[in-house]
Each structure stands twice: as structure tokens, then as C-alpha cells.
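Shown next: coords-v7.txt, containing compact mmCIF, C-alpha atoms and all ligand atoms.
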# COMPACT_ATOMS: atom_id res chain seq x y z
CA MET A 1 36.31 -105.38 48.27
CA LYS A 2 34.10 -107.83 46.39
CA GLY A 3 35.12 -108.29 42.76
CA GLN A 4 38.38 -106.54 43.32
CA ILE A 5 40.93 -109.13 44.35
CA THR A 6 42.78 -111.38 41.92
CA GLY A 7 44.89 -114.08 43.54
CA LEU A 8 48.19 -115.03 41.92
CA VAL A 9 50.07 -118.22 42.78
CA LEU A 10 53.73 -117.73 41.91
CA ALA A 11 55.03 -120.94 40.38
CA GLY A 12 57.45 -119.51 37.86
CA GLY A 13 60.78 -120.14 39.55
CA ARG A 14 63.58 -122.50 38.64
CA ALA A 15 63.46 -124.49 41.88
CA LEU A 16 67.18 -125.14 41.74
CA ARG A 17 67.23 -126.30 45.37
CA MET A 18 64.59 -128.86 44.41
CA GLY A 19 66.83 -130.22 41.68
CA GLY A 20 65.34 -127.94 39.03
CA SER A 21 61.99 -129.72 39.00
CA ASP A 22 58.80 -127.71 38.48
CA LYS A 23 58.15 -127.10 42.18
CA GLY A 24 54.46 -126.33 41.86
CA LEU A 25 53.89 -129.78 40.43
CA VAL A 26 55.92 -131.66 43.04
CA ASP A 27 53.62 -133.94 45.01
CA LEU A 28 52.91 -133.20 48.66
CA ALA A 29 50.81 -135.80 50.46
CA GLY A 30 48.78 -136.69 47.40
CA LYS A 31 48.37 -133.46 45.53
CA PRO A 32 50.68 -131.05 43.72
CA MET A 33 52.15 -128.30 45.86
CA VAL A 34 50.43 -125.59 43.81
CA ALA A 35 47.06 -127.21 44.50
CA TRP A 36 47.62 -126.78 48.25
CA VAL A 37 48.09 -123.05 47.75
CA ILE A 38 45.13 -122.81 45.36
CA ASP A 39 42.95 -124.53 47.94
CA CYS A 40 44.03 -121.97 50.57
CA LEU A 41 43.48 -118.95 48.34
CA ARG A 42 40.49 -119.65 46.13
CA GLU A 43 37.86 -118.86 48.75
CA GLN A 44 39.62 -115.62 49.62
CA VAL A 45 39.73 -114.07 46.16
CA ASP A 46 37.38 -113.25 43.32
CA GLU A 47 39.61 -114.65 40.59
CA LEU A 48 42.70 -116.84 40.65
CA ILE A 49 45.60 -116.97 38.22
CA ILE A 50 48.66 -119.22 38.16
CA ASN A 51 52.02 -117.79 37.13
CA ALA A 52 54.17 -120.54 35.58
CA ASN A 53 56.97 -120.67 33.05
CA ARG A 54 56.98 -124.42 32.44
CA ASN A 55 54.31 -127.09 31.93
CA ARG A 56 51.65 -124.50 31.23
CA ASP A 57 49.28 -127.16 29.92
CA VAL A 58 49.45 -129.08 33.21
CA TYR A 59 48.76 -125.92 35.24
CA GLY A 60 46.02 -124.92 32.79
CA ALA A 61 44.23 -128.23 33.35
CA MET A 62 43.70 -127.19 36.98
CA GLY A 63 40.98 -124.83 35.82
CA TYR A 64 42.61 -121.42 36.18
CA SER A 65 44.27 -119.01 33.75
CA VAL A 66 48.01 -119.40 33.46
CA VAL A 67 50.36 -116.52 32.74
CA ALA A 68 54.07 -116.73 32.03
CA ASP A 69 56.72 -114.11 32.72
CA ARG A 70 57.07 -111.64 29.86
CA SER A 71 60.69 -112.58 29.38
CA GLY A 72 62.05 -116.10 29.62
CA ASP A 73 65.18 -115.40 31.62
CA PHE A 74 63.83 -115.88 35.14
CA GLN A 75 63.95 -112.32 36.41
CA GLY A 76 62.50 -113.34 39.75
CA PRO A 77 59.08 -113.12 41.39
CA LEU A 78 58.52 -109.48 40.41
CA ALA A 79 58.33 -110.62 36.78
CA GLY A 80 55.55 -113.03 37.70
CA MET A 81 53.76 -110.32 39.62
CA ALA A 82 53.92 -108.03 36.58
CA SER A 83 52.30 -110.68 34.39
CA GLY A 84 49.65 -111.22 37.06
CA MET A 85 48.90 -107.49 37.30
CA GLN A 86 48.54 -107.33 33.54
CA ALA A 87 46.14 -110.26 33.40
CA ALA A 88 44.12 -109.47 36.52
CA THR A 89 40.53 -108.30 36.24
CA GLY A 90 40.60 -107.19 39.87
CA GLU A 91 41.94 -103.88 41.12
CA TRP A 92 44.25 -105.66 43.54
CA LEU A 93 46.63 -108.59 43.14
CA LEU A 94 47.15 -110.92 46.11
CA THR A 95 50.26 -113.05 45.70
CA ALA A 96 51.48 -116.21 47.38
CA PRO A 97 54.27 -118.62 46.39
CA CYS A 98 53.55 -122.15 45.22
CA ASP A 99 55.89 -123.60 47.84
CA SER A 100 54.00 -122.48 50.96
CA PRO A 101 51.22 -125.06 51.24
CA LEU A 102 49.66 -123.87 54.51
CA VAL A 103 48.64 -120.29 53.74
CA SER A 104 46.36 -118.69 56.31
CA PRO A 105 42.66 -118.24 55.49
CA LEU A 106 43.09 -114.72 56.91
CA LEU A 107 45.60 -113.62 54.27
CA ALA A 108 43.31 -111.59 52.00
CA ARG A 109 41.23 -110.03 54.76
CA ARG A 110 44.19 -108.76 56.71
CA MET A 111 46.04 -107.50 53.66
CA TRP A 112 42.88 -105.76 52.54
CA GLN A 113 42.60 -103.88 55.83
CA ALA A 114 45.99 -102.26 55.15
CA CYS A 115 45.06 -101.37 51.56
CA ASP A 116 41.70 -100.03 52.64
CA GLN A 117 43.57 -97.62 54.93
CA GLY A 118 45.53 -96.16 52.03
CA ALA A 119 48.41 -98.50 51.24
CA ASP A 120 49.11 -99.30 47.60
CA ILE A 121 51.15 -102.34 48.62
CA ALA A 122 50.60 -104.49 51.70
CA VAL A 123 53.32 -106.98 52.59
CA ALA A 124 53.20 -109.78 55.12
CA HIS A 125 55.57 -109.73 58.09
CA ASP A 126 56.18 -112.90 60.09
CA GLY A 127 57.32 -111.09 63.24
CA GLU A 128 60.99 -111.34 62.33
CA ARG A 129 61.19 -110.39 58.72
CA LEU A 130 59.25 -109.23 55.71
CA GLN A 131 57.80 -112.01 53.56
CA PRO A 132 57.73 -110.14 50.26
CA VAL A 133 56.16 -112.79 48.05
CA PHE A 134 53.04 -112.55 50.22
CA ALA A 135 51.69 -109.19 49.11
CA MET A 136 48.63 -107.30 48.00
CA ILE A 137 49.47 -104.83 45.25
CA ARG A 138 47.35 -102.25 43.47
CA CYS A 139 47.30 -103.35 39.82
CA ASN A 140 47.68 -99.81 38.48
CA LEU A 141 51.32 -99.95 39.64
CA LEU A 142 52.04 -102.16 36.62
CA GLY A 143 53.69 -99.33 34.67
CA SER A 144 56.02 -98.58 37.56
CA LEU A 145 56.89 -102.27 38.00
CA GLN A 146 57.53 -102.76 34.32
CA ALA A 147 59.83 -99.72 34.26
CA TYR A 148 61.68 -101.05 37.31
CA LEU A 149 62.19 -104.45 35.66
CA ASP A 150 63.21 -102.85 32.36
CA SER A 151 65.84 -100.81 34.20
CA GLY A 152 67.32 -104.04 35.57
CA GLY A 153 65.65 -103.86 39.00
CA ARG A 154 65.06 -107.24 40.61
CA LYS A 155 64.90 -106.61 44.35
CA ILE A 156 61.33 -106.85 45.54
CA ASP A 157 61.66 -104.78 48.72
CA ARG A 158 63.33 -101.96 46.85
CA TRP A 159 60.47 -101.65 44.38
CA TYR A 160 57.93 -101.92 47.20
CA GLY A 161 59.79 -99.12 48.99
CA GLU A 162 59.11 -96.73 46.11
CA HIS A 163 55.41 -96.90 46.91
CA ALA A 164 52.95 -96.46 49.76
CA MET A 165 53.77 -99.76 51.42
CA GLN A 166 52.49 -101.09 54.70
CA THR A 167 53.59 -104.23 56.50
CA VAL A 168 50.93 -106.55 57.86
CA ASP A 169 51.56 -108.61 60.96
CA PHE A 170 51.10 -112.36 60.50
CA SER A 171 53.31 -113.39 63.41
CA ASP A 172 50.38 -115.42 64.74
CA CYS A 173 50.30 -117.50 61.51
CA PRO A 174 53.77 -119.09 61.28
CA ASP A 175 52.56 -121.98 59.10
CA THR A 176 51.73 -119.53 56.35
CA PHE A 177 55.44 -118.98 55.79
CA LEU A 178 56.48 -122.59 55.99
CA ASN A 179 58.42 -122.91 52.79
CA ILE A 180 59.37 -125.99 50.79
CA ASN A 181 62.67 -125.25 49.15
CA GLU A 182 64.48 -128.58 49.22
CA PRO A 183 63.46 -132.23 49.23
CA ALA A 184 64.07 -132.46 52.99
CA ASP A 185 61.52 -129.67 53.64
CA ARG A 186 58.93 -131.63 51.70
CA GLU A 187 59.66 -134.85 53.56
CA GLN A 188 59.43 -133.09 56.90
CA LEU A 189 56.04 -131.56 56.13
CA GLU A 190 54.70 -134.85 54.77
CA ALA A 191 55.72 -136.54 58.00
CA ARG A 192 54.00 -133.82 60.02
CA LEU A 193 50.80 -134.06 57.98
CA ALA A 194 50.80 -137.84 58.30
CA ALA A 195 51.23 -137.55 62.07
CA GLN A 196 48.27 -135.16 62.13
CA GLY A 197 46.25 -137.85 60.44
CA GLY A 198 45.85 -136.65 56.92
CA GLY A 199 47.45 -135.55 53.74
CA GLN A 200 44.72 -133.85 51.74
CA GLU A 201 42.32 -131.81 53.79
N1 LIG B 1 57.51 -115.76 37.86
C1 LIG B 1 58.64 -116.03 38.49
N2 LIG B 1 58.60 -116.47 39.75
C2 LIG B 1 59.76 -116.75 40.36
C3 LIG B 1 61.00 -116.59 39.73
N3 LIG B 1 61.97 -116.96 40.59
C4 LIG B 1 61.35 -117.33 41.73
N4 LIG B 1 60.01 -117.22 41.59
C5 LIG B 1 58.98 -117.53 42.58
O1 LIG B 1 59.30 -116.87 43.79
C6 LIG B 1 58.90 -117.66 44.90
C7 LIG B 1 60.02 -117.81 45.89
O2 LIG B 1 61.16 -118.34 45.24
P1 LIG B 1 62.01 -119.61 45.70
O3 LIG B 1 61.43 -120.26 46.89
O4 LIG B 1 63.42 -119.20 45.75
O5 LIG B 1 61.74 -120.56 44.45
P2 LIG B 1 62.68 -120.85 43.23
O6 LIG B 1 63.39 -119.61 42.79
O7 LIG B 1 61.86 -121.56 42.24
O8 LIG B 1 63.71 -121.90 43.86
P3 LIG B 1 65.31 -121.86 43.98
O9 LIG B 1 65.85 -121.89 42.57
O10 LIG B 1 65.63 -123.13 44.73
O11 LIG B 1 65.64 -120.61 44.74
C8 LIG B 1 58.41 -118.98 44.32
O12 LIG B 1 57.02 -118.93 44.31
C9 LIG B 1 58.95 -119.00 42.91
O13 LIG B 1 58.09 -119.70 42.02
C10 LIG B 1 61.01 -116.11 38.36
O14 LIG B 1 62.05 -115.92 37.73
N5 LIG B 1 59.80 -115.84 37.81
MG MG B 2 60.75 -120.67 48.54
Could you write out this file's structure as C-alpha cells?
Ligand SMILES: Nc1nc2c(ncn2[C@@H]2O[C@H](COP(=O)(O)OP(=O)(O)OP(=O)(O)O)[C@@H](O)[C@H]2O)c(=O)[nH]1
Ligand SMILES: [Mg+2]
Amino acid sequence: MKGQITGLVLAGGRALRMGGSDKGLVDLAGKPMVAWVIDCLREQVDELIINANRNRDVYGAMGYSVVADRSGDFQGPLAGMASGMQAATGEWLLTAPCDSPLVSPLLARRMWQACDQGADIAVAHDGERLQPVFAMIRCNLLGSLQAYLDSGGRKIDRWYGEHAMQTVDFSDCPDTFLNINEPADREQLEARLAAQGGGQE
């Protein structure tokens, strides 16, 4: 496993529900949202990359490589994953979105268990539904992903379904999937963190 996992924080979306601001850079209790996710992931992976389509210099100043989507028309998270797979030095890409600040420290280990048993794609499941932007994907599927995107495919689950995919149960980690999509979500989480006695941990 060592040396094989590249983490990818997906921060390439339009964030329309957040007023179109660059969501990864939106402040949450004293640090940008993307920094929360980086802090969760960096100990779990061998290399970390940020996928962003705006403010690349700001993301770059955080100390990690930044990759943009190949095309500029916001084709969805799969496009970010493709750029991550292309740039990764690891054999596996572990993805998480920039708007889930409380990702479990168990993410990589549990995903890896599924891949180690033969899956080419492991996808988190929260107990009720698939959480497709939390995935571990074998990087040699890049050709398949690129072909899918080039043919107009955008649906993540459909592309996953073309491969040896296994779901991974994270129903015991509900905070991992806490998702900041609108200003009210951010305010609610800030209030919760303040009540717990701390913003930055
Ligand atoms: N690279 C890339 N990532 C995307 C794209 N669209 C969404 N994402 C990412 O997918 C994840 C989940 O998406 P959403 O929560 O819907 O974020 P969003 O699309 O920026 O926000 P909305 O416009 O409000 O839906 C986030 O990490 C986004 O950054 C895209 O076109 N390219
Ligand atoms: Mg979201």
C-alpha cells in the first residue's frame, strides 16, 4: 500500500448553491474549507493533489500540486478525477470533495481493504446511499474514464458500474458525508464547532 495512494481533493465545481464562490476557499471556522479536507487526508495518503478550476495560484500556495479539468466547461467531478489520475504518481487515487470538512481518518484504510480484495473502484456508502465522490480508483482506468467523458458520459455511478466496483460501508462515520452546499450549511457547522469548543483542530 505504501507509496501507492494519491489523494485528490475535488474543488473544481461551480458552487452555484454557494452563490458561485470558489467553495474550497470559503472560510470555515478560521481556515478555508479545502484546508479542512487536506488536514483529514494528508496523513492517509502518500501524495496529495488539489483539483481546482479557479484561483489556482491560491490553491498552489497551500503546498500541493494543483490540476485543472482538461476542458473548461465543468463536466462534473469525473473530469476532476481524470485529471487527478493523469497527474498521480500513485497506483490508486483516493478522492474526497472540498466541501466535506470532517472526513474520517479511516477513509483510506477501509477503501484500501476493498481494493486489496480485487476491486478496481471502491466507493463509500453511508448506509443509505452511495457517496460517489468518496472513492478509491485504480489509476490505470484513466483511458476508460477519458473515453467515457469524450462520449458525453457524466454520471459517476454509471462509469463506476462498468468496472469491478465494491461499496465500502461508512455508516458508522456520518460526519464524513456532512456536506456544505449552501451558506446555511456552513453556518450550522460553524455553530456546532464553536459549541464543541474549537474551530481549527
Ligand atoms: N473538477 C470538477 N469538480 C466538480 C465539478 N462539478 C462539481 N465538482 C466537485 O464535485 C463535488 C460535489 O459537487 P457539489 O457539492 O455539487 O459542488 P458544486 O458542483 O461545486 O456546487 P453546486 O454548483 O452548488 O452543485 C465537489 O467537490 C465539487 O468541487 C466539475 O465540473 N469539475
Ligand atoms: Mg456538495
At a cut-off of 8 Å and counting only C-alpha atoms and all ligand atoms, what residues surround ligand MG 2 (chain B)? Please answer as an mmCIF file with C-alpha atoms, keeping the file's coordinate frame.
data_model
loop_
_atom_site.group_PDB
_atom_site.id
_atom_site.type_symbol
_atom_site.label_atom_id
_atom_site.label_comp_id
_atom_site.auth_asym_id
_atom_site.auth_seq_id
_atom_site.Cartn_x
_atom_site.Cartn_y
_atom_site.Cartn_z
ATOM 1 C CA PRO A 97 54.270 -118.620 46.390
ATOM 2 C CA ASP A 99 55.890 -123.600 47.840
ATOM 3 C CA SER A 100 54.000 -122.480 50.960
ATOM 4 C CA ASN A 179 58.420 -122.910 52.790
ATOM 5 C CA ILE A 180 59.370 -125.990 50.790
ATOM 6 C CA ASN A 181 62.670 -125.250 49.150
#
Nearest-residue call for ligand LIG 1 (chain B), choices A:Leu10, A:Ile5, A:Ile156, A:Leu102, using all atoms listed in the file: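 With all atoms listed in the file as the atom set, the closest residue is A:Leu10.
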Report as a CSV table (one decimal) with C-alpha atoms, in the frame of the given file which protein, DNA and RNA residues come within 10 Å of ligand LIG 1 (chain B), using only C-alpha atoms and all ligand atoms.
chain,number,residue,atom,x,y,z
A,8,LEU,CA,48.2,-115.0,41.9
A,9,VAL,CA,50.1,-118.2,42.8
A,10,LEU,CA,53.7,-117.7,41.9
A,11,ALA,CA,55.0,-120.9,40.4
A,12,GLY,CA,57.4,-119.5,37.9
A,13,GLY,CA,60.8,-120.1,39.6
A,14,ARG,CA,63.6,-122.5,38.6
A,15,ALA,CA,63.5,-124.5,41.9
A,16,LEU,CA,67.2,-125.1,41.7
A,17,ARG,CA,67.2,-126.3,45.4
A,18,MET,CA,64.6,-128.9,44.4
A,19,GLY,CA,66.8,-130.2,41.7
A,20,GLY,CA,65.3,-127.9,39.0
A,21,SER,CA,62.0,-129.7,39.0
A,22,ASP,CA,58.8,-127.7,38.5
A,23,LYS,CA,58.2,-127.1,42.2
A,24,GLY,CA,54.5,-126.3,41.9
A,34,VAL,CA,50.4,-125.6,43.8
A,50,ILE,CA,48.7,-119.2,38.2
A,51,ASN,CA,52.0,-117.8,37.1
A,52,ALA,CA,54.2,-120.5,35.6
A,53,ASN,CA,57.0,-120.7,33.0
A,67,VAL,CA,50.4,-116.5,32.7
A,68,ALA,CA,54.1,-116.7,32.0
A,69,ASP,CA,56.7,-114.1,32.7
A,70,ARG,CA,57.1,-111.6,29.9
A,71,SER,CA,60.7,-112.6,29.4
A,72,GLY,CA,62.0,-116.1,29.6
A,73,ASP,CA,65.2,-115.4,31.6
A,74,PHE,CA,63.8,-115.9,35.1
A,75,GLN,CA,64.0,-112.3,36.4
A,76,GLY,CA,62.5,-113.3,39.8
A,77,PRO,CA,59.1,-113.1,41.4
A,78,LEU,CA,58.5,-109.5,40.4
A,79,ALA,CA,58.3,-110.6,36.8
A,80,GLY,CA,55.6,-113.0,37.7
A,81,MET,CA,53.8,-110.3,39.6
A,82,ALA,CA,53.9,-108.0,36.6
A,83,SER,CA,52.3,-110.7,34.4
A,84,GLY,CA,49.6,-111.2,37.1
A,95,THR,CA,50.3,-113.0,45.7
A,96,ALA,CA,51.5,-116.2,47.4
A,97,PRO,CA,54.3,-118.6,46.4
A,98,CYS,CA,53.6,-122.2,45.2
A,99,ASP,CA,55.9,-123.6,47.8
A,100,SER,CA,54.0,-122.5,51.0
A,131,GLN,CA,57.8,-112.0,53.6
A,132,PRO,CA,57.7,-110.1,50.3
A,133,VAL,CA,56.2,-112.8,48.0
A,134,PHE,CA,53.0,-112.6,50.2
A,154,ARG,CA,65.1,-107.2,40.6
A,179,ASN,CA,58.4,-122.9,52.8
A,180,ILE,CA,59.4,-126.0,50.8
A,181,ASN,CA,62.7,-125.2,49.2
A,182,GLU,CA,64.5,-128.6,49.2
Selection: 7 Å around segment 121-128 of chain A, all atoms listed in the file, excl. self and same-chain fewer than 4 positions, as number ranges by chain: A: 111, 114-115, 132, 134-138, 160, 164-171, 174
I'd like the contact shell of Leu142 of chain A - 7 Å cut-off, all atoms listed in the file, skipping same-chain residues fewer than 2 positions apart - returned as a ChimeraX atom specification. /A:82,85-86,139-140,144-146
Between atom CA of Asp120 of chain A and atom CA of Asp39 of chain A, what is the spacing in Å? 26.0 Å
Pull the neighbourhood of (49.3, -122.0, 52.8) for me: all residues within 6 Å in file coordinates, counting only C-alpha atoms, as a PyMOL selection string. chain A and resi 37+40+100-104+176
Which distance in Å separates atom CA of Ser151 of chain A and atom CA of Arg54 of chain A, to one decimal? 25.3 Å
Rank nothing, just name the residue among A:Gly63, A:Pro105, A:Gly90, A:Gly143 nearest to Cys173 of chain A, using only C-alpha atoms.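 Nearest to Cys173 of chain A: A:Pro105.
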Nearest to Thr89 of chain A by atom-to-atom distance, counting only C-alpha atoms, from A:Asp150, A:Asp57, A:Glu47, A:Asp116: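 For Thr89 of chain A, the nearest of the given residues is A:Glu47.
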Correct to one decimal, the distance atom CA of Val26 of chain A-atom CA of Gly197 of chain A is 20.8 Å
Between A:Ala87, A:Ala184, A:Gly161, A:Gln4, single out the one closest to Val66 of chain A, counting only C-alpha atoms.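 Of A:Ala87, A:Ala184, A:Gly161, A:Gln4, the one nearest Val66 of chain A, counting only C-alpha atoms, is A:Ala87.
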Of the listed residues A:Ala119, A:Met62, A:Leu106, A:Leu149, that which approaches Ile38 of chain A most closely, counting only C-alpha atoms: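 Of A:Ala119, A:Met62, A:Leu106, A:Leu149, the one nearest Ile38 of chain A, counting only C-alpha atoms, is A:Met62.
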What would segment 57-88 of chain A look like with N, CA and C atoms restored, written as a compact mmCIF listing (two decimals), in the coordinates of the input?
# COMPACT_ATOMS: atom_id res chain seq x y z
N ASP A 57 50.48 -126.35 30.18
CA ASP A 57 49.28 -127.16 29.92
C ASP A 57 48.84 -127.89 31.19
N VAL A 58 49.80 -128.37 31.96
CA VAL A 58 49.45 -129.08 33.21
C VAL A 58 48.79 -128.12 34.19
N TYR A 59 49.37 -126.92 34.35
CA TYR A 59 48.76 -125.92 35.24
C TYR A 59 47.39 -125.51 34.71
N GLY A 60 47.29 -125.35 33.38
CA GLY A 60 46.02 -124.92 32.79
C GLY A 60 44.90 -125.91 33.05
N ALA A 61 45.25 -127.20 33.12
CA ALA A 61 44.23 -128.23 33.35
C ALA A 61 43.65 -128.16 34.76
N MET A 62 44.23 -127.33 35.61
CA MET A 62 43.70 -127.19 36.98
C MET A 62 42.50 -126.25 37.03
N GLY A 63 42.21 -125.61 35.90
CA GLY A 63 40.98 -124.83 35.82
C GLY A 63 41.15 -123.34 36.02
N TYR A 64 42.37 -122.86 36.01
CA TYR A 64 42.61 -121.42 36.18
C TYR A 64 43.46 -120.91 35.02
N SER A 65 43.41 -119.59 34.79
CA SER A 65 44.27 -119.01 33.75
C SER A 65 45.72 -119.14 34.18
N VAL A 66 46.57 -119.30 33.20
CA VAL A 66 48.01 -119.40 33.46
C VAL A 66 48.70 -118.27 32.71
N VAL A 67 49.56 -117.55 33.41
CA VAL A 67 50.36 -116.52 32.74
C VAL A 67 51.84 -116.80 32.96
N ALA A 68 52.62 -116.57 31.92
CA ALA A 68 54.07 -116.73 32.03
C ALA A 68 54.71 -115.37 32.25
N ASP A 69 55.97 -115.37 32.64
CA ASP A 69 56.72 -114.11 32.72
C ASP A 69 56.85 -113.56 31.30
N ARG A 70 56.97 -112.25 31.19
CA ARG A 70 57.07 -111.64 29.86
C ARG A 70 58.38 -112.06 29.18
N SER A 71 59.42 -112.15 29.98
CA SER A 71 60.69 -112.58 29.38
C SER A 71 61.08 -113.94 29.99
N GLY A 72 61.80 -114.71 29.23
CA GLY A 72 62.05 -116.10 29.62
C GLY A 72 63.32 -116.31 30.43
N ASP A 73 63.88 -115.23 30.96
CA ASP A 73 65.18 -115.40 31.62
C ASP A 73 65.11 -115.35 33.16
N PHE A 74 64.00 -115.75 33.69
CA PHE A 74 63.83 -115.88 35.14
C PHE A 74 64.33 -114.66 35.90
N GLN A 75 63.57 -113.59 35.76
CA GLN A 75 63.95 -112.32 36.41
C GLN A 75 63.50 -112.25 37.86
N GLY A 76 62.91 -113.33 38.34
CA GLY A 76 62.50 -113.34 39.75
C GLY A 76 61.01 -113.11 39.90
N PRO A 77 60.53 -113.19 41.14
CA PRO A 77 59.08 -113.12 41.39
C PRO A 77 58.42 -111.84 40.91
N LEU A 78 59.15 -110.72 40.88
CA LEU A 78 58.52 -109.48 40.41
C LEU A 78 58.03 -109.63 38.98
N ALA A 79 58.74 -110.41 38.18
CA ALA A 79 58.33 -110.62 36.78
C ALA A 79 56.98 -111.35 36.74
N GLY A 80 56.83 -112.32 37.62
CA GLY A 80 55.55 -113.03 37.70
C GLY A 80 54.44 -112.12 38.17
N MET A 81 54.77 -111.27 39.12
CA MET A 81 53.76 -110.32 39.62
C MET A 81 53.32 -109.38 38.50
N ALA A 82 54.27 -108.93 37.68
CA ALA A 82 53.92 -108.03 36.58
C ALA A 82 52.95 -108.71 35.62
N SER A 83 53.22 -109.96 35.28
CA SER A 83 52.30 -110.68 34.39
C SER A 83 50.93 -110.84 35.03
N GLY A 84 50.92 -111.09 36.34
CA GLY A 84 49.65 -111.22 37.06
C GLY A 84 48.87 -109.91 37.06
N MET A 85 49.57 -108.79 37.28
CA MET A 85 48.90 -107.49 37.30
C MET A 85 48.31 -107.17 35.93
N GLN A 86 49.02 -107.58 34.90
CA GLN A 86 48.54 -107.33 33.54
C GLN A 86 47.28 -108.15 33.24
N ALA A 87 47.26 -109.37 33.72
CA ALA A 87 46.14 -110.26 33.40
C ALA A 87 44.94 -110.10 34.33
N ALA A 88 45.17 -109.52 35.49
CA ALA A 88 44.12 -109.47 36.52
C ALA A 88 42.91 -108.65 36.09
